[in-house]
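Visitor: First, the structure itself, so that you have it in front of you.
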Amino acid sequence: MHSSGNIILVGFMGTGKTTIGRALADRLKRAFIDMDVELEARAGKPIPRIFAEDGEAVFRRMERDLVVELAGRPVRHSLGGGGSNLVIAAGGGIVLNPDNIRDFSATGRVICLQAAPDEILRRVAGSSHRPLLEQGAKDERIRNLLRQRQPLYDAIAIRVDTTGQTVDQIIARIQAALRDS
Ligand code: S3P
């Protein structure tokens, strides 16, 4: 695997970006950044309140600003060892603005995590912190949003299916995909 440059995990809600990102960062001894957590810290409130009080457009602008900031950091090239750059878990909507993928691709490897709709539903069933899934029945929202966004996720060259996989299996798949690409 390339030892320098960021590794950026994108993908729909519930595909495992945060869980896998943290485990991968641990494995590679890299710092981990969860964009949603960072945005909540900056806004001083949780994502549902950003959506409710400021609107989705404001959230998307904050997200865009953070991408520019993260992609603008100089890439440190490490000689051997585990690398010294970031593992970034992006929010599920990062693909909505093609500039985000372009900028991330310029500073690292973008990997799209995927999962079957039923598995996504199982993973997000108990959560209430995703405002886009709180409008109507969750399974219908997931299928509708997935239908709209699928072409954007499919446009990412490296895709890893996480359905029915353990964390270790997914990390192995990511490492293989990075080696082969
Ligand atoms: C969103 C996904 C969420 C969060 C926000 C919007 C989306 O992140 O950024 O609720 O548009 O898909 P996760 O994918 O980490 O849940």
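In the structure tokens, chains take the letters A, B, ... in the order shown, each chain's residues start at 1, and ligands count up from 1 in the order shown.
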Neighbouring residues of ligand 1 are defined here as those with any atom at most 7 Å from a ligand atom, counting only C-alpha atoms and all ligand atoms; list them as a PyMOL selection string.
Guide: chain A and resi 11-14+17-18+36+47+90-93+129-132
Visitor: Please return as a count of residues only: the residues of region 103-139 of chain A that backbone DSSP assigns to strand (DSSP E or B).
Guide: 7
Visitor: For CA of Lys138 (chain A) and CA of Asp99 (chain A), determine how far apart the two atoms are, in Å to one decimal place.
Guide: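 So the two atoms, CA of Lys138 (chain A) and CA of Asp99 (chain A), lie 28.8 Å apart.
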Visitor: Of the residues A:Asp154, A:Glu119, A:Glu69, A:Asp54, which is the one nearest to Ile142 (chain A), using only C-alpha atoms?
Guide: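 Result for the nearest residue to Ile142 (chain A): A:Glu119.
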Visitor: What is the CA of Leu178 (chain A) to CA of Ile88 (chain A) distance in Å?
Guide: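 CA of Ile88 (chain A) lies at a distance of 15.2 Å from CA of Leu178 (chain A).
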Visitor: May I ask for the distance between CA of Arg159 (chain A) and CA of Ala177 (chain A), given in Å to one decimal place?
Guide: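 CA of Arg159 (chain A) sits 8.1 Å away from CA of Ala177 (chain A).
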Visitor: Please identify the helix (DSSP H, G or I) residues within region 6-66 of chain A (assignment by DSSP from backbone atoms) and present them as a PyMOL selection string.
Guide: chain A and resi 17-28+35-43+47-54+56-66
